[in-house]
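Have a look at upload-v3.cif below; it lists mmCIF, C-alpha atoms and all ligand atoms.
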```cif
data_input
loop_
_atom_site.label_atom_id
_atom_site.label_comp_id
_atom_site.auth_asym_id
_atom_site.auth_seq_id
_atom_site.Cartn_x
_atom_site.Cartn_y
_atom_site.Cartn_z
CA MET A 1 36.41 -109.72 -50.84
CA ALA A 2 37.77 -112.96 -52.32
CA ASP A 3 39.81 -113.61 -49.17
CA ILE A 4 36.72 -113.93 -47.05
CA ASP A 5 35.32 -117.39 -46.69
CA LEU A 6 31.66 -116.36 -46.67
CA MET A 7 30.32 -119.89 -46.55
CA GLY A 8 32.72 -121.08 -43.86
CA ILE A 9 32.54 -118.30 -41.28
CA TRP A 10 29.21 -116.64 -41.89
CA ASN A 11 27.29 -119.26 -43.85
CA LYS A 12 26.10 -116.65 -46.32
CA CYS A 13 25.21 -116.97 -49.99
CA ASP A 14 27.53 -115.58 -52.67
CA GLU A 15 25.02 -112.85 -53.61
CA MET A 16 25.43 -110.98 -50.30
CA LEU A 17 26.57 -107.39 -50.81
CA VAL A 18 29.61 -107.42 -48.53
CA HIS A 19 30.68 -103.96 -47.31
CA GLN A 20 33.30 -105.18 -44.82
CA GLY A 21 34.83 -108.55 -44.05
CA GLU A 22 36.03 -107.85 -40.49
CA PRO A 23 33.88 -106.88 -38.77
CA TYR A 24 31.46 -108.59 -41.14
CA ASN A 25 28.90 -106.18 -42.61
CA ALA A 26 26.81 -107.40 -45.52
CA GLU A 27 23.41 -106.61 -46.93
CA THR A 28 20.65 -108.82 -48.21
CA PRO A 29 20.40 -109.15 -52.03
CA VAL A 30 17.24 -107.86 -53.76
CA ASP A 31 15.84 -111.33 -54.58
CA ALA A 32 15.82 -112.24 -50.90
CA LEU A 33 14.22 -108.90 -49.93
CA ALA A 34 11.25 -109.93 -52.09
CA ALA A 35 10.54 -112.99 -49.90
CA GLU A 36 8.40 -112.63 -46.81
CA ILE A 37 10.83 -114.60 -44.64
CA THR A 38 14.51 -114.06 -45.41
CA PRO A 39 16.52 -117.27 -45.84
CA LEU A 40 19.24 -117.56 -43.18
CA ASP A 41 22.01 -117.48 -45.77
CA ALA A 42 20.73 -114.13 -47.08
CA PHE A 43 19.86 -112.39 -43.76
CA TYR A 44 21.91 -109.19 -43.44
CA GLY A 45 24.79 -109.10 -40.96
CA ARG A 46 25.78 -106.04 -38.92
CA ASN A 47 28.74 -106.20 -36.55
CA HIS A 48 30.95 -103.76 -34.66
CA ALA A 49 33.66 -106.23 -33.65
CA PRO A 50 34.95 -109.70 -34.55
CA ILE A 51 32.40 -112.47 -34.03
CA PRO A 52 32.67 -114.11 -30.57
CA HIS A 53 32.40 -117.90 -30.35
CA LEU A 54 30.64 -118.91 -27.14
CA ASP A 55 30.35 -122.44 -25.79
CA SER A 56 26.66 -122.79 -24.95
CA ALA A 57 27.46 -125.36 -22.22
CA ASP A 58 29.41 -122.80 -20.12
CA TRP A 59 27.32 -119.85 -21.20
CA ARG A 60 25.16 -118.15 -18.52
CA LEU A 61 22.80 -115.19 -18.70
CA ARG A 62 23.03 -112.83 -15.72
CA VAL A 63 19.96 -110.79 -14.80
CA GLU A 64 20.82 -108.07 -12.27
CA GLY A 65 20.47 -104.43 -11.26
CA LEU A 66 17.14 -103.20 -9.86
CA VAL A 67 15.60 -106.67 -9.45
CA ASP A 68 14.35 -108.53 -6.36
CA ARG A 69 16.05 -111.81 -7.37
CA PRO A 70 19.28 -111.57 -9.42
CA LEU A 71 19.49 -114.62 -11.70
CA GLU A 72 22.12 -116.66 -13.46
CA LEU A 73 20.41 -118.76 -16.11
CA SER A 74 21.70 -121.57 -18.34
CA MET A 75 20.14 -122.42 -21.70
CA ASP A 76 18.39 -125.34 -19.96
CA ASP A 77 16.89 -122.95 -17.39
CA LEU A 78 15.60 -120.72 -20.19
CA ARG A 79 14.14 -123.63 -22.14
CA ARG A 80 11.92 -124.47 -19.16
CA LEU A 81 10.00 -121.22 -19.73
CA PRO A 82 7.17 -121.16 -22.32
CA GLU A 83 8.55 -121.02 -25.87
CA ARG A 84 7.29 -118.17 -28.03
CA THR A 85 7.61 -117.48 -31.76
CA VAL A 86 7.33 -114.03 -33.36
CA VAL A 87 7.83 -113.12 -37.01
CA ALA A 88 9.68 -109.80 -36.99
CA THR A 89 11.65 -107.59 -39.35
CA LEU A 90 15.06 -106.45 -38.14
CA GLN A 91 16.36 -103.22 -39.63
CA CYS A 92 19.65 -101.46 -39.10
CA ALA A 93 19.34 -97.74 -38.33
CA GLY A 94 21.98 -97.21 -41.02
CA ASN A 95 19.84 -98.80 -43.75
CA ARG A 96 19.79 -96.66 -46.93
CA ARG A 97 22.68 -94.48 -45.73
CA ALA A 98 23.98 -94.55 -49.34
CA ASP A 99 21.18 -92.14 -50.34
CA LEU A 100 22.25 -89.74 -47.57
CA ILE A 101 25.89 -89.96 -48.69
CA GLU A 102 24.77 -88.72 -52.13
CA VAL A 103 23.52 -85.56 -50.39
CA ARG A 104 26.72 -85.07 -48.36
CA ASP A 105 29.55 -87.45 -47.47
CA ILE A 106 29.41 -89.45 -44.23
CA PRO A 107 32.97 -90.63 -43.57
CA GLY A 108 33.73 -93.75 -41.56
CA GLN A 109 30.27 -95.33 -41.75
CA VAL A 110 29.11 -98.33 -43.80
CA PRO A 111 27.43 -97.09 -47.05
CA TRP A 112 24.38 -99.36 -46.73
CA GLY A 113 21.96 -99.61 -49.64
CA PRO A 114 18.36 -100.69 -49.01
CA GLY A 115 19.25 -104.23 -47.84
CA ALA A 116 20.24 -103.73 -44.17
CA ILE A 117 16.86 -105.23 -43.36
CA SER A 118 15.55 -108.80 -43.18
CA THR A 119 12.72 -110.78 -41.63
CA ALA A 120 12.86 -114.00 -39.62
CA ARG A 121 10.62 -116.24 -37.58
CA TRP A 122 12.29 -115.93 -34.15
CA SER A 123 11.74 -118.41 -31.32
CA GLY A 124 12.81 -118.29 -27.72
CA VAL A 125 11.39 -116.95 -24.50
CA SER A 126 9.59 -113.73 -23.84
CA LEU A 127 11.93 -111.23 -22.15
CA ALA A 128 8.88 -110.36 -20.00
CA ASP A 129 8.86 -113.91 -18.56
CA VAL A 130 12.56 -113.69 -17.60
CA LEU A 131 12.07 -110.23 -16.06
CA ALA A 132 9.04 -111.50 -14.10
CA LYS A 133 11.21 -114.31 -12.68
CA ALA A 134 13.75 -111.73 -11.50
CA GLY A 135 11.13 -109.26 -10.25
CA VAL A 136 11.86 -105.83 -11.74
CA ARG A 137 11.64 -103.15 -9.04
CA PRO A 138 9.37 -100.12 -9.59
CA GLU A 139 12.42 -97.75 -9.68
CA ALA A 140 13.67 -99.48 -12.85
CA ALA A 141 12.78 -97.60 -16.03
CA HIS A 142 15.16 -99.22 -18.54
CA ILE A 143 16.40 -102.70 -19.34
CA ALA A 144 20.01 -102.82 -20.57
CA PHE A 145 21.63 -105.63 -22.58
CA THR A 146 25.34 -106.39 -22.94
CA GLY A 147 27.20 -108.75 -25.28
CA PRO A 148 30.81 -109.98 -25.08
CA ASP A 149 32.13 -108.53 -28.36
CA VAL A 150 34.49 -105.67 -27.57
CA SER A 151 34.41 -102.94 -30.21
CA GLU A 152 37.35 -100.68 -31.02
CA LEU A 153 34.91 -98.08 -32.31
CA ALA A 154 34.42 -97.00 -28.69
CA ASP A 155 37.30 -95.20 -26.98
CA PRO A 156 38.30 -96.96 -24.76
CA PRO A 157 37.04 -100.18 -26.44
CA GLN A 158 33.76 -101.49 -25.02
CA PRO A 159 31.51 -104.52 -25.36
CA PHE A 160 28.43 -103.91 -27.54
CA GLY A 161 25.28 -102.98 -25.59
CA GLY A 162 22.02 -101.06 -25.63
CA SER A 163 18.86 -100.51 -23.64
CA ILE A 164 15.11 -100.15 -24.08
CA PRO A 165 12.45 -98.74 -21.73
CA VAL A 166 10.73 -101.17 -19.34
CA ALA A 167 7.37 -100.68 -21.12
CA LYS A 168 8.79 -102.11 -24.37
CA ALA A 169 10.92 -104.72 -22.56
CA THR A 170 7.83 -106.20 -20.88
CA SER A 171 5.77 -106.33 -24.11
CA SER A 172 5.21 -109.93 -25.12
CA GLU A 173 6.81 -109.56 -28.57
CA VAL A 174 10.31 -108.84 -27.21
CA LEU A 175 12.19 -112.14 -27.25
CA LEU A 176 15.38 -113.73 -26.07
CA ALA A 177 15.75 -115.90 -29.16
CA TRP A 178 17.63 -119.16 -29.64
CA ALA A 179 16.11 -120.05 -33.02
CA MET A 180 15.65 -118.33 -36.37
CA ASN A 181 13.38 -119.74 -39.09
CA ASP A 182 12.96 -122.94 -37.00
CA GLN A 183 16.71 -123.60 -36.99
CA ALA A 184 19.21 -123.11 -34.18
CA LEU A 185 20.28 -119.45 -34.04
CA PRO A 186 23.45 -119.19 -36.17
CA THR A 187 26.62 -117.95 -34.43
CA ALA A 188 26.67 -114.99 -36.83
CA HIS A 189 23.27 -113.89 -35.54
CA GLY A 190 24.05 -114.18 -31.84
CA ALA A 191 24.09 -117.81 -30.66
CA PRO A 192 23.37 -119.09 -28.16
CA LEU A 193 20.94 -116.26 -27.32
CA ARG A 194 20.09 -112.82 -28.68
CA VAL A 195 17.58 -110.11 -27.93
CA VAL A 196 14.94 -109.39 -30.61
CA VAL A 197 13.18 -106.03 -30.16
CA PRO A 198 10.51 -106.02 -32.90
CA GLY A 199 9.83 -102.62 -34.50
CA TRP A 200 12.95 -101.01 -32.98
CA ILE A 201 16.32 -100.33 -34.61
CA GLY A 202 18.48 -103.43 -34.95
CA ALA A 203 21.12 -102.04 -32.57
CA ARG A 204 18.89 -102.73 -29.57
CA SER A 205 18.63 -106.45 -30.51
CA VAL A 206 21.90 -107.36 -28.79
CA LYS A 207 23.53 -110.59 -30.01
CA TRP A 208 25.48 -113.14 -27.92
CA LEU A 209 23.60 -111.78 -24.91
CA GLN A 210 25.37 -112.20 -21.55
CA ARG A 211 23.90 -109.66 -19.19
CA ILE A 212 20.54 -108.00 -18.60
CA SER A 213 20.41 -105.12 -16.13
CA ALA A 214 17.35 -103.28 -14.80
CA GLN A 215 18.23 -99.65 -14.16
CA ALA A 216 16.82 -96.17 -13.58
CA GLU A 217 18.53 -94.65 -16.64
CA PRO A 218 19.29 -95.83 -20.19
CA THR A 219 22.61 -97.66 -20.49
CA ASP A 220 25.74 -95.51 -20.77
CA ASN A 221 27.13 -98.01 -23.33
CA TYR A 222 28.82 -96.17 -26.21
CA PHE A 223 26.43 -97.68 -28.78
CA GLN A 224 23.27 -96.46 -27.03
CA THR A 225 23.92 -92.82 -27.97
CA GLU A 226 26.10 -93.55 -31.01
CA TYR A 227 22.80 -94.64 -32.57
CA SER A 228 21.31 -91.14 -32.44
CA ILE A 229 20.38 -88.37 -34.83
CA LEU A 230 22.79 -85.45 -34.45
CA PRO A 231 21.85 -82.02 -35.79
CA PRO A 232 23.36 -81.50 -39.27
CA GLU A 233 26.04 -79.05 -38.04
CA ALA A 234 27.35 -81.35 -35.26
CA ASP A 235 30.76 -83.03 -35.49
CA PRO A 236 30.26 -86.74 -34.69
CA GLU A 237 33.88 -86.96 -33.42
CA THR A 238 33.32 -84.44 -30.64
CA ALA A 239 29.54 -84.64 -30.03
CA GLY A 240 28.71 -85.66 -26.46
CA PRO A 241 26.32 -88.50 -25.58
CA GLY A 242 23.42 -86.06 -25.05
CA ALA A 243 23.87 -84.18 -28.33
CA GLY A 244 21.53 -86.30 -30.46
CA ILE A 245 18.07 -87.83 -30.49
CA THR A 246 18.58 -91.43 -29.32
CA LEU A 247 16.97 -93.87 -31.73
CA GLY A 248 14.39 -96.43 -30.68
CA PRO A 249 11.38 -97.28 -32.87
CA VAL A 250 11.92 -97.46 -36.64
CA ALA A 251 10.15 -94.85 -38.84
CA ILE A 252 7.96 -95.77 -41.85
CA HIS A 253 9.87 -96.36 -45.07
CA CYS A 254 9.72 -98.41 -48.25
CA ALA A 255 11.89 -99.78 -51.03
CA ILE A 256 11.30 -100.46 -54.72
CA LEU A 257 12.67 -103.92 -55.59
CA ARG A 258 11.37 -104.40 -59.16
CA PRO A 259 12.31 -103.10 -61.66
CA GLY A 260 15.95 -102.99 -60.55
CA LYS A 261 18.07 -99.87 -60.15
CA ASP A 262 19.00 -98.33 -63.53
CA ALA A 263 17.06 -101.08 -65.38
CA HIS A 264 16.54 -100.87 -69.16
CA LEU A 265 13.12 -102.23 -70.09
CA ALA A 266 10.24 -101.97 -72.54
CA SER A 267 7.77 -99.10 -72.11
CA GLY A 268 4.10 -99.79 -71.39
CA PRO A 269 2.36 -101.57 -68.51
CA THR A 270 5.04 -102.79 -66.10
CA GLU A 271 4.89 -104.51 -62.73
CA VAL A 272 6.49 -102.42 -59.96
CA SER A 273 6.96 -104.02 -56.55
CA GLY A 274 8.69 -103.63 -53.23
CA PHE A 275 8.13 -103.69 -49.49
CA ALA A 276 7.27 -101.17 -46.80
CA PHE A 277 8.01 -101.36 -43.10
CA ALA A 278 6.06 -99.22 -40.64
CA GLY A 279 8.20 -99.78 -37.53
CA ASP A 280 7.31 -99.69 -33.82
CA ASP A 281 3.90 -101.32 -33.41
CA ARG A 282 2.36 -99.61 -36.43
CA THR A 283 1.31 -101.15 -39.74
CA VAL A 284 1.60 -99.87 -43.31
CA ALA A 285 -1.65 -98.19 -44.39
CA ARG A 286 -0.91 -97.28 -48.02
CA VAL A 287 1.89 -97.19 -50.58
CA ASP A 288 1.75 -94.64 -53.42
CA VAL A 289 3.87 -94.95 -56.55
CA SER A 290 4.52 -92.25 -59.14
CA ALA A 291 6.22 -92.27 -62.56
CA ASP A 292 5.70 -88.54 -63.19
CA HIS A 293 7.65 -86.80 -60.39
CA GLY A 294 4.71 -86.98 -58.01
CA GLY A 295 2.18 -85.42 -60.42
CA THR A 296 -0.05 -88.47 -60.08
CA TRP A 297 0.10 -91.39 -57.65
CA THR A 298 -1.08 -94.98 -58.04
CA HIS A 299 -2.06 -96.81 -54.85
CA ALA A 300 -0.25 -100.14 -54.80
CA ASP A 301 -1.81 -103.46 -53.74
CA LEU A 302 -0.48 -104.02 -50.25
CA ASP A 303 -0.12 -107.37 -48.46
CA PRO A 304 -1.98 -107.45 -45.14
CA PRO A 305 0.29 -107.26 -42.08
CA GLU A 306 1.42 -110.58 -40.57
CA ASN A 307 1.60 -108.60 -37.30
CA PRO A 308 2.69 -105.01 -36.49
CA TRP A 309 6.41 -105.92 -36.53
CA THR A 310 6.79 -107.28 -40.04
CA TRP A 311 7.38 -105.65 -43.39
CA GLN A 312 4.57 -105.72 -45.96
CA HIS A 313 5.20 -106.33 -49.65
CA TRP A 314 3.33 -104.36 -52.32
CA HIS A 315 2.96 -104.39 -56.09
CA THR A 316 1.21 -102.43 -58.81
CA THR A 317 1.25 -101.95 -62.58
CA LEU A 318 2.40 -98.62 -64.01
CA ASN A 319 2.27 -97.49 -67.61
CA LEU A 320 5.87 -96.47 -68.19
CA PRO A 321 6.68 -93.86 -70.88
CA ILE A 322 9.52 -94.16 -73.39
CA GLY A 323 12.76 -92.57 -72.17
CA GLU A 324 14.23 -91.95 -68.74
CA THR A 325 11.88 -92.14 -65.79
CA GLU A 326 12.25 -91.77 -62.07
CA LEU A 327 9.92 -94.00 -60.07
CA ILE A 328 8.98 -92.71 -56.63
CA ALA A 329 7.35 -94.77 -53.87
CA ARG A 330 6.15 -93.40 -50.56
CA ALA A 331 4.45 -95.26 -47.71
CA TRP A 332 1.99 -94.10 -45.07
CA ASP A 333 1.64 -95.80 -41.71
CA SER A 334 -1.39 -96.45 -39.50
CA THR A 335 -0.84 -93.12 -37.68
CA ALA A 336 -0.96 -91.31 -41.08
CA ALA A 337 2.76 -90.49 -40.94
CA VAL A 338 4.25 -90.42 -44.43
CA GLN A 339 7.82 -90.62 -45.69
CA THR A 340 9.57 -87.34 -46.26
CA GLU A 341 10.28 -86.62 -49.92
CA SER A 342 14.00 -85.95 -49.98
CA PRO A 343 17.04 -87.49 -48.26
CA ALA A 344 18.37 -83.91 -47.90
CA THR A 345 15.62 -83.23 -45.32
CA VAL A 346 16.71 -86.11 -43.08
CA TRP A 347 20.50 -85.92 -43.63
CA ASN A 348 22.37 -86.27 -40.33
CA PRO A 349 26.10 -86.58 -39.55
CA ARG A 350 26.09 -90.31 -38.72
CA GLY A 351 23.63 -91.18 -41.47
CA TYR A 352 20.90 -92.88 -39.51
CA ALA A 353 17.16 -93.39 -40.03
CA ASN A 354 16.91 -92.38 -43.68
CA ASN A 355 13.21 -92.77 -44.31
CA ALA A 356 12.93 -90.52 -47.36
CA ALA A 357 10.74 -91.78 -50.22
CA ALA A 358 12.30 -94.41 -52.49
CA HIS A 359 13.55 -93.04 -55.85
CA LEU A 360 14.57 -95.31 -58.72
CA HIS A 361 15.96 -94.36 -62.11
CA ILE A 362 15.02 -96.52 -65.13
CA THR A 363 15.14 -96.23 -68.93
CA CYS A 364 12.34 -97.51 -71.19
CA HIS A 365 12.62 -98.27 -74.90
CA PRO A 366 9.69 -98.56 -77.36
N1 LIG B 1 26.63 -108.08 -29.55
C1 LIG B 1 26.26 -107.37 -30.64
N2 LIG B 1 24.96 -107.25 -30.90
C2 LIG B 1 24.55 -106.54 -31.98
C3 LIG B 1 25.49 -105.90 -32.83
C4 LIG B 1 26.86 -106.05 -32.53
O1 LIG B 1 27.75 -105.54 -33.23
N3 LIG B 1 27.21 -106.81 -31.42
N4 LIG B 1 25.02 -105.14 -33.90
C5 LIG B 1 23.66 -104.62 -33.77
C6 LIG B 1 23.13 -103.99 -34.95
S1 LIG B 1 23.59 -102.38 -35.23
C7 LIG B 1 22.20 -104.60 -35.75
S2 LIG B 1 21.50 -103.77 -37.04
C8 LIG B 1 21.81 -106.01 -35.51
C9 LIG B 1 22.10 -106.85 -36.73
O2 LIG B 1 21.75 -108.18 -36.50
P1 LIG B 1 22.20 -109.32 -37.51
O3 LIG B 1 23.68 -109.23 -37.69
O4 LIG B 1 21.74 -110.59 -36.91
O5 LIG B 1 21.49 -109.04 -38.81
O6 LIG B 1 22.48 -106.58 -34.41
C10 LIG B 1 22.70 -105.71 -33.32
N5 LIG B 1 23.23 -106.45 -32.21
MO MO B 2 22.34 -101.57 -36.90
#
```
Could you render the structure from this file as structure tokens?
Amino acid sequence: MADIDLMGIWNKCDEMLVHQGEPYNAETPVDALAAEITPLDAFYGRNHAPIPHLDSADWRLRVEGLVDRPLELSMDDLRRLPERTVVATLQCAGNRRADLIEVRDIPGQVPWGPGAISTARWSGVSLADVLAKAGVRPEAAHIAFTGPDVSELADPPQPFGGSIPVAKATSSEVLLAWAMNDQALPTAHGAPLRVVVPGWIGARSVKWLQRISAQAEPTDNYFQTEYSILPPEADPETAGPGAGITLGPVAIHCAILRPGKDAHLASGPTEVSGFAFAGDDRTVARVDVSADHGGTWTHADLDPPENPWTWQHWHTTLNLPIGETELIARAWDSTAAVQTESPATVWNPRGYANNAAAHLHITCHP
């Protein structure tokens, strides 16, 4: 990837794990996953088309469809509404696809490891405030978002879009954000304005937002149903839009960050740490870690939730035996849902929503 000017175009650090240069798809390195707030230069990037460059002076947001007052808003108009800040984790539905690919190949999709996830402090306006200005009619059940970036993945090519139900869209945590970590929203992350749907798959947080539409049905945008769980026997090339379970809220999962994958280390008491993310508006209730194939489980020390939409880091000390060991971590959420044990159980043809327990191979010497 030497031909890609990471600093110039995307303003990313050299440690990013770049899967594709154009469209840019890169995951957050482990060190940055260990921080509560991800630095901007390490925040993962997920794109389906070349990055659009919008001039924020000419830019307008249209709000239309089943509304009493269609709107055309400039950034100045939006900045007159109350500013809100929400810390929220953004996670791609394809996060940890690499573990599914080990079960069975998933051609044509980015082989994400555990780093298609990051957390930022987002600032902007509440989508609810903008929708209230427009007056959403009672017949509207979904709020659809459209960006300007036309993706060749759709046939015929289509701008990126997605929708969420009105109930989520009018929750105060859903933002139209113009800032990230108290800095102007970077172009790579959707400037001048992006949607942030906390607790839901990243695909619904449409970047470079241009149009909001209130409608009776979910959007028919290609990416709305592309982000769905097909049954294992389905062919993703021929599956129709209704063939899968459309993804919305994220499911509970966790990652082991330390020790690193395939680490060689001394046996004995060893610090094991990672994060867990509950998704939707749930929190993480417990993280269990095992070094003996699930024979015994240690309950990790878990950071309290910042809010329901943010990952929680955890750590514990395990007494590691000499030789090869597989560490397993599994998280439980506040509804008592737990991660499934094996990626084989959740394998699906497009490789989405892998929330199987985290497994990590290490070797310990005396
Ligand atoms: N306009 C537009 N918005 C988009 C996308 C895109 O390709 N185009 N990708 C989506 C997906 S799948 C994810 S996971 C997040 C990633 O956001 P990030 O690149 O800021 O990390 O943006 C979402 N919004
Ligand atoms: Mo995504």
Please identify all protein, DNA and RNA residues within 8 Å of ligand LIG 1 (chain B), counting all atoms listed in the file, and report them as a short mmCIF file (atom, residue, chain, number, x, y, z; two decimals) with C-alpha atoms, keeping the file's coordinate frame.
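Contents of the output file out-v3.cif:
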```cif
data_model
loop_
_atom_site.label_atom_id
_atom_site.label_comp_id
_atom_site.auth_asym_id
_atom_site.auth_seq_id
_atom_site.Cartn_x
_atom_site.Cartn_y
_atom_site.Cartn_z
CA ASN A 25 28.90 -106.18 -42.61
CA PHE A 43 19.86 -112.39 -43.76
CA TYR A 44 21.91 -109.19 -43.44
CA GLY A 45 24.79 -109.10 -40.96
CA ARG A 46 25.78 -106.04 -38.92
CA ASN A 47 28.74 -106.20 -36.55
CA HIS A 48 30.95 -103.76 -34.66
CA ALA A 49 33.66 -106.23 -33.65
CA LEU A 90 15.06 -106.45 -38.14
CA GLN A 91 16.36 -103.22 -39.63
CA CYS A 92 19.65 -101.46 -39.10
CA ALA A 93 19.34 -97.74 -38.33
CA GLY A 94 21.98 -97.21 -41.02
CA ALA A 116 20.24 -103.73 -44.17
CA ILE A 117 16.86 -105.23 -43.36
CA SER A 118 15.55 -108.80 -43.18
CA THR A 146 25.34 -106.39 -22.94
CA GLY A 147 27.20 -108.75 -25.28
CA PRO A 148 30.81 -109.98 -25.08
CA ASP A 149 32.13 -108.53 -28.36
CA SER A 151 34.41 -102.94 -30.21
CA PRO A 159 31.51 -104.52 -25.36
CA PHE A 160 28.43 -103.91 -27.54
CA GLY A 161 25.28 -102.98 -25.59
CA ALA A 188 26.67 -114.99 -36.83
CA HIS A 189 23.27 -113.89 -35.54
CA GLY A 190 24.05 -114.18 -31.84
CA ARG A 194 20.09 -112.82 -28.68
CA VAL A 195 17.58 -110.11 -27.93
CA ILE A 201 16.32 -100.33 -34.61
CA GLY A 202 18.48 -103.43 -34.95
CA ALA A 203 21.12 -102.04 -32.57
CA ARG A 204 18.89 -102.73 -29.57
CA SER A 205 18.63 -106.45 -30.51
CA VAL A 206 21.90 -107.36 -28.79
CA LYS A 207 23.53 -110.59 -30.01
CA TRP A 208 25.48 -113.14 -27.92
CA LEU A 209 23.60 -111.78 -24.91
#
```
Contacts of A:Leu247 within 9 Å, only C-alpha atoms, excl. fewer than 6 positions in-chain, as a list in words: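 Final neighbour list, sorted by chain and number: Ala93, Trp200, Ile201, Gln224, Thr225, Tyr227, Ser228, Ile229, Tyr352 and Ala353 of chain A.
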Between atom CA of A:Pro304 and atom CA of A:Gln183 - distance in Å to one decimal: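 Computed distance, atom CA of A:Gln183 to atom CA of A:Pro304, equals 26.0 Å.
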For A:Val67: contacts at 6 Å, only C-alpha atoms, fewer than 4 positions along chain excluded, given as a ChimeraX atom specification: /A:134-137
All residues 8 Å or closer to A:Met75, only C-alpha atoms, same chain fewer than 5 positions away omitted, as a list in words: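 Close residues of A:Met75: Ser56, Ala57, Trp59, Arg60 and Pro192 of chain A.
Between A:Ala344 and the candidates A:Glu64, A:Asp76, A:Glu102, A:Glu15, the tightest atom-to-atom separation, counting all atoms listed in the file, involves A:Glu102.
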Selection near A:Pro39, 12 Å with all atoms listed in the file, sequence-local residues under 6 positions removed, as a PDB file with C-alpha atoms, keeping the file's coordinate frame:
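Everything below was put into selection-v9.pdb:
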```
ATOM      1  CA  ASN A  11      27.290-119.260 -43.850  1.00  0.00           C
ATOM      2  CA  LYS A  12      26.100-116.650 -46.320  1.00  0.00           C
ATOM      3  CA  CYS A  13      25.210-116.970 -49.990  1.00  0.00           C
ATOM      4  CA  MET A  16      25.430-110.980 -50.300  1.00  0.00           C
ATOM      5  CA  THR A  28      20.650-108.820 -48.210  1.00  0.00           C
ATOM      6  CA  PRO A  29      20.400-109.150 -52.030  1.00  0.00           C
ATOM      7  CA  ASP A  31      15.840-111.330 -54.580  1.00  0.00           C
ATOM      8  CA  ALA A  32      15.820-112.240 -50.900  1.00  0.00           C
ATOM      9  CA  LEU A  33      14.220-108.900 -49.930  1.00  0.00           C
ATOM     10  CA  SER A 118      15.550-108.800 -43.180  1.00  0.00           C
ATOM     11  CA  THR A 119      12.720-110.780 -41.630  1.00  0.00           C
ATOM     12  CA  ALA A 120      12.860-114.000 -39.620  1.00  0.00           C
ATOM     13  CA  ARG A 121      10.620-116.240 -37.580  1.00  0.00           C
ATOM     14  CA  MET A 180      15.650-118.330 -36.370  1.00  0.00           C
ATOM     15  CA  ASN A 181      13.380-119.740 -39.090  1.00  0.00           C
ATOM     16  CA  ASP A 182      12.960-122.940 -37.000  1.00  0.00           C
ATOM     17  CA  GLN A 183      16.710-123.600 -36.990  1.00  0.00           C
TER      18      GLN A 183
END
```
Who sits within 10 Å of A:Asp262, all atoms listed in the file, same chain under 4 positions skipped, as number ranges by chain: A: 324-326, 360-363
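Using only C-alpha atoms and all ligand atoms for every distance, the candidate list A:Gln109, A:Ser126, A:Thr85, A:Thr238 yields A:Gln109 as the residue closest to ligand MO 2 (chain B).
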Atomic distance atom CA of A:Ser213 - atom CA of A:Val166, expressed in Å with one decimal: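 Taking atom CA of A:Ser213 and atom CA of A:Val166, their separation equals 10.9 Å.
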For ligand MO 2 (chain B), the nearest of the candidates A:Val18, A:Val250, A:Val87, A:Ala239, counting only C-alpha atoms and all ligand atoms: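 Closest to ligand MO 2 (chain B) of all the choices is A:Val250.
Nearest residue to ligand MO 2 (chain B) among A:Trp112, A:Trp10, A:Trp178, A:Trp311 is A:Trp112, counting only C-alpha atoms and all ligand atoms.
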Interatomic distance (Å, one decimal) between atom CA of A:Tyr222 and atom CA of A:Arg104: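 Between these atoms lies a distance of 24.9 Å.
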Which residue of A:Ile51, A:Ala169, A:Ala184, A:Val110 approaches ligand MO 2 (chain B) most closely, using only C-alpha atoms and all ligand atoms: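 Using only C-alpha atoms and all ligand atoms, the shortest distance to ligand MO 2 (chain B) belongs to A:Val110.
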Each side padded by 5 Å, which centre and which edge lengths in Å (one decimal) define the axis-aligned box around the listed atoms of stretch 225-230 of chain A? Give them as lines of an AutoDock Vina configuration file.
```
center_x = 23.2
center_y = -90.0
center_z = -31.4
size_x = 15.7
size_y = 19.2
size_z = 16.9
```
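Ranking A:Gly21, A:Pro232, A:Asp333, A:Val130 by their shortest atom-to-atom distance to A:Asp105, with only C-alpha atoms included, puts A:Pro232 first.
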